[in-house]
Amino acid sequence: MSEQVNALCDQLIKAVNVMMDTESSQRYRLEALKFCEEFKEKCPICVPCGFKLAEKTQPPIIRHFGLQILEHCVKFRWNNMPQREKVNLKNNVMGLISNGIRPILEEESHIKDVLSRIVVEMIKREWPQHWPDMLKELDSLTKQGEAQTELVMFILLRLAEDVVTFQTLPTQRRRDIQQTLTQNMENIFNFLLNILQQNVNKYRKMKTDPTQEIKAKAYCRVGVAALNTLAGYIDWVALVHITNDNCRLLEMLCLLLSEAELQLEAVECLLIAVSRKGKLEDRKPLMILFGDVAMHYILSAAQPADGAGLTERHYIFLKRLCQVLSALGSQLCALLASDVDVETPANLGKYLEAFLAFTTHPSQFLRSSTQVTWGSLFRHEVLSKDPMTMAITSKYVRASMTNLVKVGFPSKTDSPSCEYSRADFDGDEDFNAFFNSFRAQQGEVVRNACKLIPLETFQMAGEWLQYQLNTPIDIGPTTSKTAEGLCCIFSPSYVQWEAMTFFTESVVSQLIKFVDKEKLPVDQGMELLQAVLNYETRDPLILSCVLTNVSTLFPFVNFRPEFLPQVLSKLFSSVTFEVIEESKAPRTRAVKNVRRHACSSIIKMCRDYPQLILPCFEMLYSHVKRLFSNELLLTQMEKCALMEALVLISNQFKNYEKQKAFLEELMAPVSSRWLSEEMTQVLLDPTLFLSFVGADVKVSGIIDDPTGINRSRISFCVYTILGVVKRARWPSDLEEAKAGGFVDGYAPNGNPIYRNPCAEQVRKLLHNLLAVIRTQNNLFLPENLAKLSETFTKAFDMMDVEKNAILGLPQPLLDLYDAPVYKTALERMQGFFCTLYDNCFHILGNAGQSLQQDFYTIDGLAGQLITSAFINLANVPDYRLRPMLRVFVKQLVLSCPPEYYNTLMCPILGPLFAYLLQRLTQKWQVINQRSCLCNSEDEPPEDNPMSQEMLDEQLVRLLTREVMDLLSVCCIVKRGSEAAGAKEGELEEEDMMATDASQAPQPATNTLDELTELGKCLLKNEDICTTFLTTAYSSLSWKDTITCQRMTTQVCWPLLKQVISGSLLADAVTWFYGAVLRGLQMHGQHEGCNTALIQLAFFIYETLRPRFPELRTVMEQVPQIQMDCLDQFDLKVLNPGQQKTADKKRKDIFKRLISGTVGKPLGQQFKKEVHIKNLPSLFKKNKSEPTVETLDSNSAGLATLFSPNPDDI
């Protein structure tokens, strides 16, 4: 035997060395690997060979392999081992830990790891029933030395992780072990604390003695292991163990914060402890950390924060300490807002000052980590009124003024934050994304602080604004590429202006909202506005900030209307802003942004303060006319924005005839051009259209674009129609609407029928709008694609920005913010087609809501829409179909009055959904086939690095979600906040108890199952009903978890419930049920989908099984199903009154029945199964006979499931 073992071990050593030798060829390495794997699977003397190779005289790689053999035997052969061999293996492993490992500082970490894994695997199979003395044996090991003690810590930590955190063993074994751990937790905690205390004390004594350095390090290593093990238990044990003995554990952890070698592990334990949830009463002892002693140690540990410089370990410690303070603040907020008897701590001031120190730390990450807690403090009913909080609020606001300045880019060295950013972020783009989120978070907290001290914060904002207005512009070392003396986005002045503008906006918005009008500082506000209006700059980045400040301070004009002309003058001068007048070069992004900013500011003012601006309407109108007289002065979008502003003001006429006359005058140029004979012919004919916009002509240069003016004119017409349809409205007050002539009768339900003053104009233009939509759809026909010139063959393709958005790729940092935007002819053409397509459908989507009866009473509207918007959909690509569904069809569904459901919605939605189902089914079949053939070598090489397949698949996924959202909107009533609240509650429960199927999101039964009136109307049509049901249930097995979960929880059951009472065919029922099981196979690996699908399957089976015995046939095909369990379950379903079984119990049994259908993630599909047998239960069985039978039958099933497979040996 020993000779055989020695010979085999020699071969194994050679094989391992071949595998690990960098010089080995791939063939030799594979042969060696195959030999080793076959040895582990088939050799009967694995265990002695494993122990032979694991001797400490062997090299670490060989020892590790020997221990891996032993681990493999425990994991895969344990169930077939005789009892004597199991005991022998266990004793030898414990002996190996006692005598077969090297001193703690010399032993390799991977050797310790695999040793601890072997012991834990044995514990998972035998403790406590067959190994009752396990804890005593571990205790005795700790008395043999530091190496053994560290290993015991590793074993206890891994046991907690496997049983509680990762739950990598069967339910009954997990329950047995967790219950036994819980019963012994007081002893385990005392044991861990004693190990920690003893080793820390020894370490402290010896660390100052140079002759005892090695011993000191050994004790320190054990202390670290003990802290890591405590961290694995603190997260889930009863809070009483953490607060036992007058919070001995917390006291020790606070003391260790001053030990450089142990402070990181100690603070991580402390963080887990103070972050615990649970009953508020149980959390009350955590307030001891606000006591003098604990607070002293915490503050002392934070002190070196500023001067210590950046060392990685200490920086991580500071992050954790900051999180501890944040968690403490959260606990304090929760306890003070409850009925628990807790007073505001005397050390609250010290705590707030310490917390503020982290808010002013150079690290942007540390600053951001404090924001949530500051927000909670400022919103808290009790703490926000505390004098100490009030005193710190102004300090926080001052600090935020510094923190809002965007500095600290990893690539730069212009701030102390840069060094920390290099440790936290991958690059400038990563930092930029973080900072934008951080700034938004700060804005929210500043707004909360402003509610506490509004006038003081406004004073700060005013001082900062005045300072910036009076400070010369500092462009810094990086200058603009456009002109000398202009800022770029990194210039010192711009980052200050940007931060100040954001701060002022946050403060003033709260001031206006929460301070009484009589107390508003109107004089100071107007003084600031006057200063901003007088400020002149030719720098586009600074001017953009100036415009934001004008908008921010504009509410003060309500009190001084005489300033309005000055404000409008400032904005209009910015609408035509140029850095270099008469320049032939394209405008930079910064200049375009200034002009757009000015236009949007005008729209915003007209929308929010129309009554204030109404007296200046004539001045505004004449100014717009002057700008429009030069066709090239403004872009089409800018012209449209100004027209929208005028329409918004015209809504205040509150006189139908007057507003109608104005809109006719405003739209006259557009109407004459849009309805001209030339334009009508162009819009009707795809060939003429392509020629008119220049897509059939080869273009060489960037500037050479003679047909650009034609595209601009089409765009302007469409922009104008959209602007008028979106903005023209009747008065919201019914009496004013009546008086102004806007009410045109009453609907059958008593609601007034309004008429829109723009209706007559827009209806005239709709015919050509539908024509251009039809033409655009027909442009995708092969014969029309062939007419595109060589320059524009990709004119209908997606733009790069769209592709990046679909793939989730971040937009690059705007380094080229000040570079002229030179677009190629192709880019301009792509932009034209994309915008035109979207805007046309936006008009149709808004038309119903805006024009109401005037839209729906158009003769043959359904036919006109079907022959324009829905023509040639087979050739329309997914990226064009998506916006059509979202901005047109969905809006049409939401705004359509019930009386037009039969004449408009049914003729449109029936064929549309039938087509969409066919299209999506084909596309998902292609994707699934592609997945099956993904290893094929015949795939064509990619022309570009971005995978077109990935883009196409993601587009199908997004289109699927649009279709399912449309289906849901058509059929299902969503109850707003009630549904959201229910959903939120369910999700919280799911997080808390992921294994409890009854707590996760469930298919709609009561909350969302009410059908809309449109849904009821559509489902009366048998063809539409069949299409809807097929679409909903087919989507469950498409490769999109979001679609699967939404349809399962919101749509599938309500739809099926509507037809249950009718004449359902057995084939249909089995198909629906099979679709749910196929969904489980595809998505069952995901917890949310798994729970929802099982619930849906349960509802279908329990409701329909009595009527359709064919469902039993489907169940019999479920892999690994236990027939006796199925018989018992069927008996209860078919005889519901006979035996009352709890709903949760029935669902649990059903979940076990269909568990064989649940698909595995790819990483688990080829993994060898580990079977752990259940041991005699620790629980008493005193239930009634039927339940016992059920449990017995299930345990028999588990026994069969985990029975040893001869092939595994």
# chains A, B, ... in the order shown; residues from 1 in each chain; ligands from 1
call {"tool": "residues_around", "arguments": {"residues": "region 161-174 of chain A", "least_positions_apart": "3", "cutoff": "10 Å", "atoms": "only C-alpha atoms", "output": "compact mmCIF listing (two decimals) with C-alpha atoms, in the first residue's frame"}}
result
# COMPACT_ATOMS: atom_id res chain seq x y z
CA VAL A 120 -15.62 23.45 7.07
CA GLU A 121 -16.71 20.92 4.43
CA LYS A 124 -21.21 21.02 6.91
CA ARG A 125 -21.72 17.27 6.58
CA GLU A 126 -21.48 16.07 10.20
CA TRP A 127 -22.02 18.84 12.77
CA PRO A 128 -23.71 18.92 15.20
CA ILE A 155 -12.61 27.90 10.02
CA LEU A 156 -15.23 29.78 12.06
CA LEU A 157 -15.31 32.63 9.54
CA ARG A 158 -15.71 30.35 6.52
CA ILE A 177 -25.98 24.38 11.69
CA GLN A 178 -27.32 27.92 12.02
CA GLN A 179 -29.58 26.94 14.90
CA THR A 180 -26.67 25.24 16.70
CA LEU A 181 -24.41 28.24 16.08
CA THR A 229 -13.95 36.43 12.04
CA GLY A 232 -18.39 37.58 9.72
CA TYR A 233 -20.67 37.11 12.76
CA ASP A 235 -23.64 41.09 10.67
CA TRP A 236 -26.27 38.50 11.59
CA THR A 995 -35.50 32.67 0.36
CA VAL A 1170 -21.94 18.64 -4.51
CA HIS A 1171 -24.41 16.51 -2.55
CA ILE A 1172 -24.71 16.99 1.22
CA LYS A 1173 -26.97 14.51 2.96
CA ASN A 1174 -29.44 15.59 5.59
CA LEU A 1175 -28.79 14.29 9.08
CA PRO A 1176 -31.49 13.34 11.63
CA SER A 1177 -33.46 16.52 12.23
CA LEU A 1178 -32.89 18.61 15.33
CA PHE A 1179 -36.50 19.81 15.20
CA SER A 1195 -37.41 14.16 2.53
CA LEU A 1198 -34.31 14.86 -1.27
call {"tool": "closest_atom_pairs", "arguments": {"of": "region 554-629 of chain A", "to": "region 642-646 of chain A", "cutoff": "7 Å", "atoms": "only C-alpha atoms", "output": "tab-separated table"}}
result
residue	atom	partner	partner_atom	distance
A:Cys599	CA	A:Leu642	CA	6.4
A:Ile602	CA	A:Ala645	CA	6.5
A:Ile603	CA	A:Ala645	CA	4.7
A:Cys606	CA	A:Ala645	CA	5.8
A:Tyr621	CA	A:Leu646	CA	6.9
A:Val624	CA	A:Leu642	CA	6.9
call {"tool": "write_last_selection", "arguments": {"atoms": "N, CA, C and O atoms", "output": "tab-separated table (two decimals), in the first residue's frame"}}
result
chain	number	residue	atom	x	y	z
A	599	CYS	N	-32.66	80.84	-25.23
A	599	CYS	CA	-34.00	80.48	-25.74
A	599	CYS	C	-34.80	79.74	-24.68
A	599	CYS	O	-35.98	80.02	-24.44
A	602	ILE	N	-36.05	82.01	-21.95
A	602	ILE	CA	-37.23	82.78	-22.37
A	602	ILE	C	-38.48	81.91	-22.28
A	602	ILE	O	-39.52	82.32	-21.75
A	603	ILE	N	-38.38	80.66	-22.78
A	603	ILE	CA	-39.53	79.73	-22.72
A	603	ILE	C	-39.94	79.49	-21.26
A	603	ILE	O	-41.12	79.52	-20.91
A	606	CYS	N	-41.74	82.45	-19.82
A	606	CYS	CA	-43.09	82.58	-20.39
A	606	CYS	C	-44.01	81.47	-19.86
A	606	CYS	O	-45.22	81.68	-19.73
A	621	TYR	N	-42.97	90.26	-29.41
A	621	TYR	CA	-43.37	89.81	-30.75
A	621	TYR	C	-42.60	90.56	-31.83
A	621	TYR	O	-42.09	89.98	-32.79
A	624	VAL	N	-39.02	89.34	-32.01
A	624	VAL	CA	-38.92	88.05	-32.69
A	624	VAL	C	-39.04	88.22	-34.20
A	624	VAL	O	-38.30	87.61	-34.97
call {"tool": "closest_residue", "arguments": {"among": "A:Trp674, A:Phe1098, A:Phe435, A:Phe503", "to": "Thr552 (chain A)", "atoms": "only C-alpha atoms"}}
result
A:Phe503
call {"tool": "closest_residue", "arguments": {"among": "A:Tyr494, A:Tyr315, A:Tyr351, A:Phe1166", "to": "His296 (chain A)", "atoms": "only C-alpha atoms"}}
result
A:Tyr351
call {"tool": "closest_residue", "arguments": {"among": "A:Arg221, A:Ile512, A:Gly291, A:Pro285", "to": "Cys247 (chain A)", "atoms": "only C-alpha atoms"}}
result
A:Pro285
call {"tool": "residues_around", "arguments": {"residues": "region 463-473 of chain A", "least_positions_apart": "4", "cutoff": "9 Å", "atoms": "only C-alpha atoms", "output": "JSON, numbers by chain"}}
result
{"A": [401, 458, 459, 485, 486, 487, 492, 493, 494, 496, 497, 500, 501, 504, 528, 531, 532, 535, 549]}
call {"tool": "write_last_selection", "arguments": {"atoms": "all heavy atoms", "output": "compact mmCIF listing (two decimals), in the first residue's frame"}}
result
# COMPACT_ATOMS: atom_id res chain seq x y z
N MET A 401 -19.78 75.29 -0.32
CA MET A 401 -19.38 76.26 -1.34
C MET A 401 -18.02 75.89 -1.93
O MET A 401 -17.77 76.07 -3.12
CB MET A 401 -19.35 77.67 -0.75
CG MET A 401 -20.74 78.20 -0.37
SD MET A 401 -20.70 79.65 0.71
CE MET A 401 -20.06 80.89 -0.40
N PHE A 458 -28.91 82.71 1.75
CA PHE A 458 -29.06 83.65 0.64
C PHE A 458 -27.98 84.73 0.71
O PHE A 458 -27.44 85.17 -0.31
CB PHE A 458 -30.46 84.29 0.66
CG PHE A 458 -30.67 85.28 -0.44
CD1 PHE A 458 -30.71 84.88 -1.76
CD2 PHE A 458 -30.81 86.64 -0.15
CE1 PHE A 458 -30.89 85.82 -2.78
CE2 PHE A 458 -30.98 87.57 -1.15
CZ PHE A 458 -31.03 87.15 -2.48
N GLN A 459 -27.67 85.15 1.94
CA GLN A 459 -26.61 86.15 2.13
C GLN A 459 -25.28 85.61 1.61
O GLN A 459 -24.54 86.30 0.91
CB GLN A 459 -26.49 86.46 3.63
CG GLN A 459 -25.51 87.56 3.97
CD GLN A 459 -26.02 88.94 3.54
OE1 GLN A 459 -27.22 89.15 3.45
NE2 GLN A 459 -25.10 89.84 3.23
N GLY A 485 -7.97 84.45 -24.76
CA GLY A 485 -8.59 85.04 -23.58
C GLY A 485 -9.92 84.43 -23.18
O GLY A 485 -10.61 84.98 -22.32
N LEU A 486 -10.31 83.30 -23.77
CA LEU A 486 -11.56 82.65 -23.39
C LEU A 486 -11.29 81.44 -22.50
O LEU A 486 -10.25 80.79 -22.62
CB LEU A 486 -12.34 82.19 -24.63
CG LEU A 486 -12.84 83.29 -25.57
CD1 LEU A 486 -13.67 82.67 -26.69
CD2 LEU A 486 -13.66 84.33 -24.82
N CYS A 487 -12.24 81.16 -21.62
CA CYS A 487 -12.09 80.03 -20.69
C CYS A 487 -12.35 78.71 -21.39
O CYS A 487 -13.09 78.64 -22.37
CB CYS A 487 -13.09 80.16 -19.54
SG CYS A 487 -12.72 81.48 -18.39
N PRO A 492 -9.81 78.17 -14.00
CA PRO A 492 -10.15 78.48 -12.60
C PRO A 492 -11.42 79.32 -12.47
O PRO A 492 -12.26 79.07 -11.61
CB PRO A 492 -8.92 79.24 -12.09
CG PRO A 492 -7.80 78.75 -12.96
CD PRO A 492 -8.39 78.46 -14.30
N SER A 493 -11.56 80.33 -13.34
CA SER A 493 -12.75 81.18 -13.23
C SER A 493 -14.02 80.40 -13.54
O SER A 493 -15.04 80.55 -12.87
CB SER A 493 -12.64 82.38 -14.18
OG SER A 493 -11.87 83.39 -13.59
N TYR A 494 -13.95 79.57 -14.58
CA TYR A 494 -15.18 78.86 -14.98
C TYR A 494 -15.63 77.88 -13.90
O TYR A 494 -16.82 77.82 -13.58
CB TYR A 494 -14.99 78.12 -16.30
CG TYR A 494 -16.20 77.28 -16.62
CD1 TYR A 494 -17.43 77.87 -16.90
CD2 TYR A 494 -16.15 75.89 -16.60
CE1 TYR A 494 -18.56 77.11 -17.16
CE2 TYR A 494 -17.27 75.11 -16.86
CZ TYR A 494 -18.47 75.74 -17.14
OH TYR A 494 -19.59 74.98 -17.38
N GLN A 496 -15.21 78.10 -10.77
CA GLN A 496 -15.79 78.89 -9.68
C GLN A 496 -17.18 79.40 -10.06
O GLN A 496 -18.13 79.32 -9.27
CB GLN A 496 -14.87 80.07 -9.34
CG GLN A 496 -13.58 79.69 -8.63
CD GLN A 496 -13.81 79.26 -7.18
OE1 GLN A 496 -14.80 79.65 -6.56
NE2 GLN A 496 -12.91 78.45 -6.66
N TRP A 497 -17.31 79.94 -11.26
CA TRP A 497 -18.61 80.44 -11.73
C TRP A 497 -19.65 79.32 -11.74
O TRP A 497 -20.79 79.50 -11.32
CB TRP A 497 -18.47 81.02 -13.15
CG TRP A 497 -18.25 82.51 -13.16
CD1 TRP A 497 -17.06 83.16 -13.22
CD2 TRP A 497 -19.27 83.52 -13.13
NE1 TRP A 497 -17.26 84.52 -13.23
CE2 TRP A 497 -18.61 84.77 -13.18
CE3 TRP A 497 -20.65 83.51 -13.07
CZ2 TRP A 497 -19.28 85.98 -13.16
CZ3 TRP A 497 -21.34 84.71 -13.06
CH2 TRP A 497 -20.66 85.93 -13.11
N MET A 500 -20.61 78.43 -8.15
CA MET A 500 -21.41 79.51 -7.55
C MET A 500 -22.83 79.52 -8.14
O MET A 500 -23.82 79.71 -7.42
CB MET A 500 -20.71 80.85 -7.82
CG MET A 500 -21.47 82.08 -7.34
SD MET A 500 -22.69 82.68 -8.52
CE MET A 500 -21.64 83.21 -9.86
N THR A 501 -22.92 79.30 -9.43
CA THR A 501 -24.24 79.31 -10.10
C THR A 501 -25.12 78.19 -9.56
O THR A 501 -26.31 78.39 -9.27
CB THR A 501 -24.03 79.16 -11.62
OG1 THR A 501 -23.24 80.26 -12.08
CG2 THR A 501 -25.36 79.13 -12.35
N THR A 504 -26.16 79.10 -5.95
CA THR A 504 -27.18 80.17 -5.93
C THR A 504 -28.54 79.63 -6.34
O THR A 504 -29.57 79.95 -5.75
CB THR A 504 -26.75 81.32 -6.86
OG1 THR A 504 -25.43 81.74 -6.50
CG2 THR A 504 -27.70 82.50 -6.77
N LEU A 528 -28.83 92.15 -6.73
CA LEU A 528 -28.01 91.10 -7.37
C LEU A 528 -28.39 90.95 -8.83
O LEU A 528 -27.52 90.83 -9.70
CB LEU A 528 -28.21 89.76 -6.64
CG LEU A 528 -27.60 89.63 -5.25
CD1 LEU A 528 -28.03 88.33 -4.59
CD2 LEU A 528 -26.06 89.69 -5.34
N ALA A 531 -26.97 93.68 -10.87
CA ALA A 531 -25.52 93.49 -11.07
C ALA A 531 -25.27 92.43 -12.15
O ALA A 531 -24.36 92.59 -12.99
CB ALA A 531 -24.87 93.05 -9.76
N VAL A 532 -26.06 91.39 -12.16
CA VAL A 532 -25.89 90.33 -13.17
C VAL A 532 -26.24 90.87 -14.56
O VAL A 532 -25.54 90.61 -15.54
CB VAL A 532 -26.77 89.10 -12.82
CG1 VAL A 532 -26.73 88.07 -13.95
CG2 VAL A 532 -26.29 88.46 -11.52
N TYR A 535 -23.52 92.95 -16.00
CA TYR A 535 -22.24 92.26 -16.23
C TYR A 535 -22.13 91.91 -17.71
O TYR A 535 -23.01 91.29 -18.29
CB TYR A 535 -22.17 90.99 -15.38
CG TYR A 535 -20.85 90.28 -15.45
CD1 TYR A 535 -19.74 90.74 -14.76
CD2 TYR A 535 -20.69 89.12 -16.23
CE1 TYR A 535 -18.52 90.08 -14.82
CE2 TYR A 535 -19.49 88.46 -16.29
CZ TYR A 535 -18.40 88.94 -15.59
OH TYR A 535 -17.18 88.29 -15.65
N ASN A 549 -27.98 82.57 -13.73
CA ASN A 549 -28.23 83.45 -12.58
C ASN A 549 -29.39 84.41 -12.86
O ASN A 549 -30.16 84.74 -11.95
CB ASN A 549 -26.96 84.23 -12.24
CG ASN A 549 -25.97 83.36 -11.47
OD1 ASN A 549 -26.21 82.99 -10.33
ND2 ASN A 549 -24.86 83.02 -12.12
call {"tool": "select_by_dssp", "arguments": {"residues": "region 744-873 of chain A", "states": "alpha helix (DSSP H)", "output": "ChimeraX atom specification"}}
result
/A:759-778,782-785,800-807,825-851,853-856,861-866
call {"tool": "closest_residue", "arguments": {"among": "A:Asp1148, A:Glu251, A:Glu259, A:Glu137", "to": "Leu289 (chain A)", "atoms": "only C-alpha atoms"}}
result
A:Glu251
call {"tool": "atom_distance", "arguments": {"atom1": "CA of Cys834 (chain A)", "atom2": "CA of Ile908 (chain A)"}}
result
24.2 Å
call {"tool": "residues_around", "arguments": {"residues": "Gln611 (chain A)", "least_positions_apart": "3", "cutoff": "12 Å", "atoms": "only C-alpha atoms", "output": "MDAnalysis selection string"}}
result
chainID A and resid 558 561 605:608 614:617 648:654
call {"tool": "closest_residue", "arguments": {"among": "A:Gly223, A:Pro82, A:Gly1088, A:Pro907", "to": "Ile866 (chain A)", "atoms": "only C-alpha atoms"}}
result
A:Pro907
call {"tool": "residues_around", "arguments": {"residues": "His842 (chain A)", "least_positions_apart": "5", "cutoff": "8 Å", "atoms": "only C-alpha atoms", "output": "JSON, numbers by chain"}}
result
{"A": [722, 887, 888]}
call {"tool": "write_last_selection", "arguments": {"atoms": "C-alpha atoms", "output": "PDB file, in the first residue's frame"}}
result
ATOM      1  CA  LEU A 722     -44.717  70.753 -32.973  1.00  0.00           C
ATOM      2  CA  VAL A 887     -43.922  59.097 -28.521  1.00  0.00           C
ATOM      3  CA  PHE A 888     -46.889  58.439 -30.801  1.00  0.00           C
TER       4      PHE A 888
END
call {"tool": "closest_residue", "arguments": {"among": "A:Cys322, A:Leu533, A:Leu958, A:Met81", "to": "Phe355 (chain A)", "atoms": "only C-alpha atoms"}}
result
A:Cys322
call {"tool": "residues_around", "arguments": {"residues": "Ser330 (chain A)", "least_positions_apart": "5", "cutoff": "10 Å", "atoms": "only C-alpha atoms", "output": "MDAnalysis selection string"}}
result
chainID A and resid 274:275 324:325 335 372:374 376:377
call {"tool": "atom_distance", "arguments": {"atom1": "CA of Gln212 (chain A)", "atom2": "CA of Asn190 (chain A)"}}
result
27.9 Å
call {"tool": "atom_distance", "arguments": {"atom1": "CA of Thr1043 (chain A)", "atom2": "CA of Ala1066 (chain A)"}}
result
26.5 Å
call {"tool": "residues_around", "arguments": {"residues": "region 11-19 of chain A", "least_positions_apart": "5", "cutoff": "10 Å", "atoms": "only C-alpha atoms", "output": "list of chain:residue names"}}
result
A:Val5, A:Asn6, A:Ser24, A:Ser25, A:Gln26, A:Tyr28, A:Arg29, A:Leu30, A:Glu31, A:Ala32, A:Leu33, A:Lys34, A:Phe35, A:Cys36, A:Phe39, A:Cys49, A:Leu53, A:Gln58, A:Pro59, A:Ile61, A:Ile62, A:Arg63, A:Phe65, A:Gly66
call {"tool": "decode", "arguments": {"residues": "region 193-205 of chain A", "atoms": "C-alpha atoms", "output": "PDB file, in the first residue's frame"}}
result
ATOM      1  CA  LEU A 193     -13.352  38.144  22.300  1.00  0.00           C
ATOM      2  CA  ASN A 194     -10.971  36.325  24.644  1.00  0.00           C
ATOM      3  CA  ILE A 195      -8.748  35.270  21.735  1.00  0.00           C
ATOM      4  CA  LEU A 196      -8.754  38.880  20.527  1.00  0.00           C
ATOM      5  CA  GLN A 197      -8.043  40.371  23.952  1.00  0.00           C
ATOM      6  CA  GLN A 198      -5.277  37.929  24.841  1.00  0.00           C
ATOM      7  CA  ASN A 199      -3.425  38.345  21.561  1.00  0.00           C
ATOM      8  CA  VAL A 200      -3.822  42.129  21.463  1.00  0.00           C
ATOM      9  CA  ASN A 201      -2.505  42.423  25.015  1.00  0.00           C
ATOM     10  CA  LYS A 202       0.523  40.266  24.144  1.00  0.00           C
ATOM     11  CA  TYR A 203       1.085  42.237  20.966  1.00  0.00           C
ATOM     12  CA  ARG A 204       1.013  45.558  22.838  1.00  0.00           C
ATOM     13  CA  LYS A 205       3.530  44.316  25.384  1.00  0.00           C
TER      14      LYS A 205
END
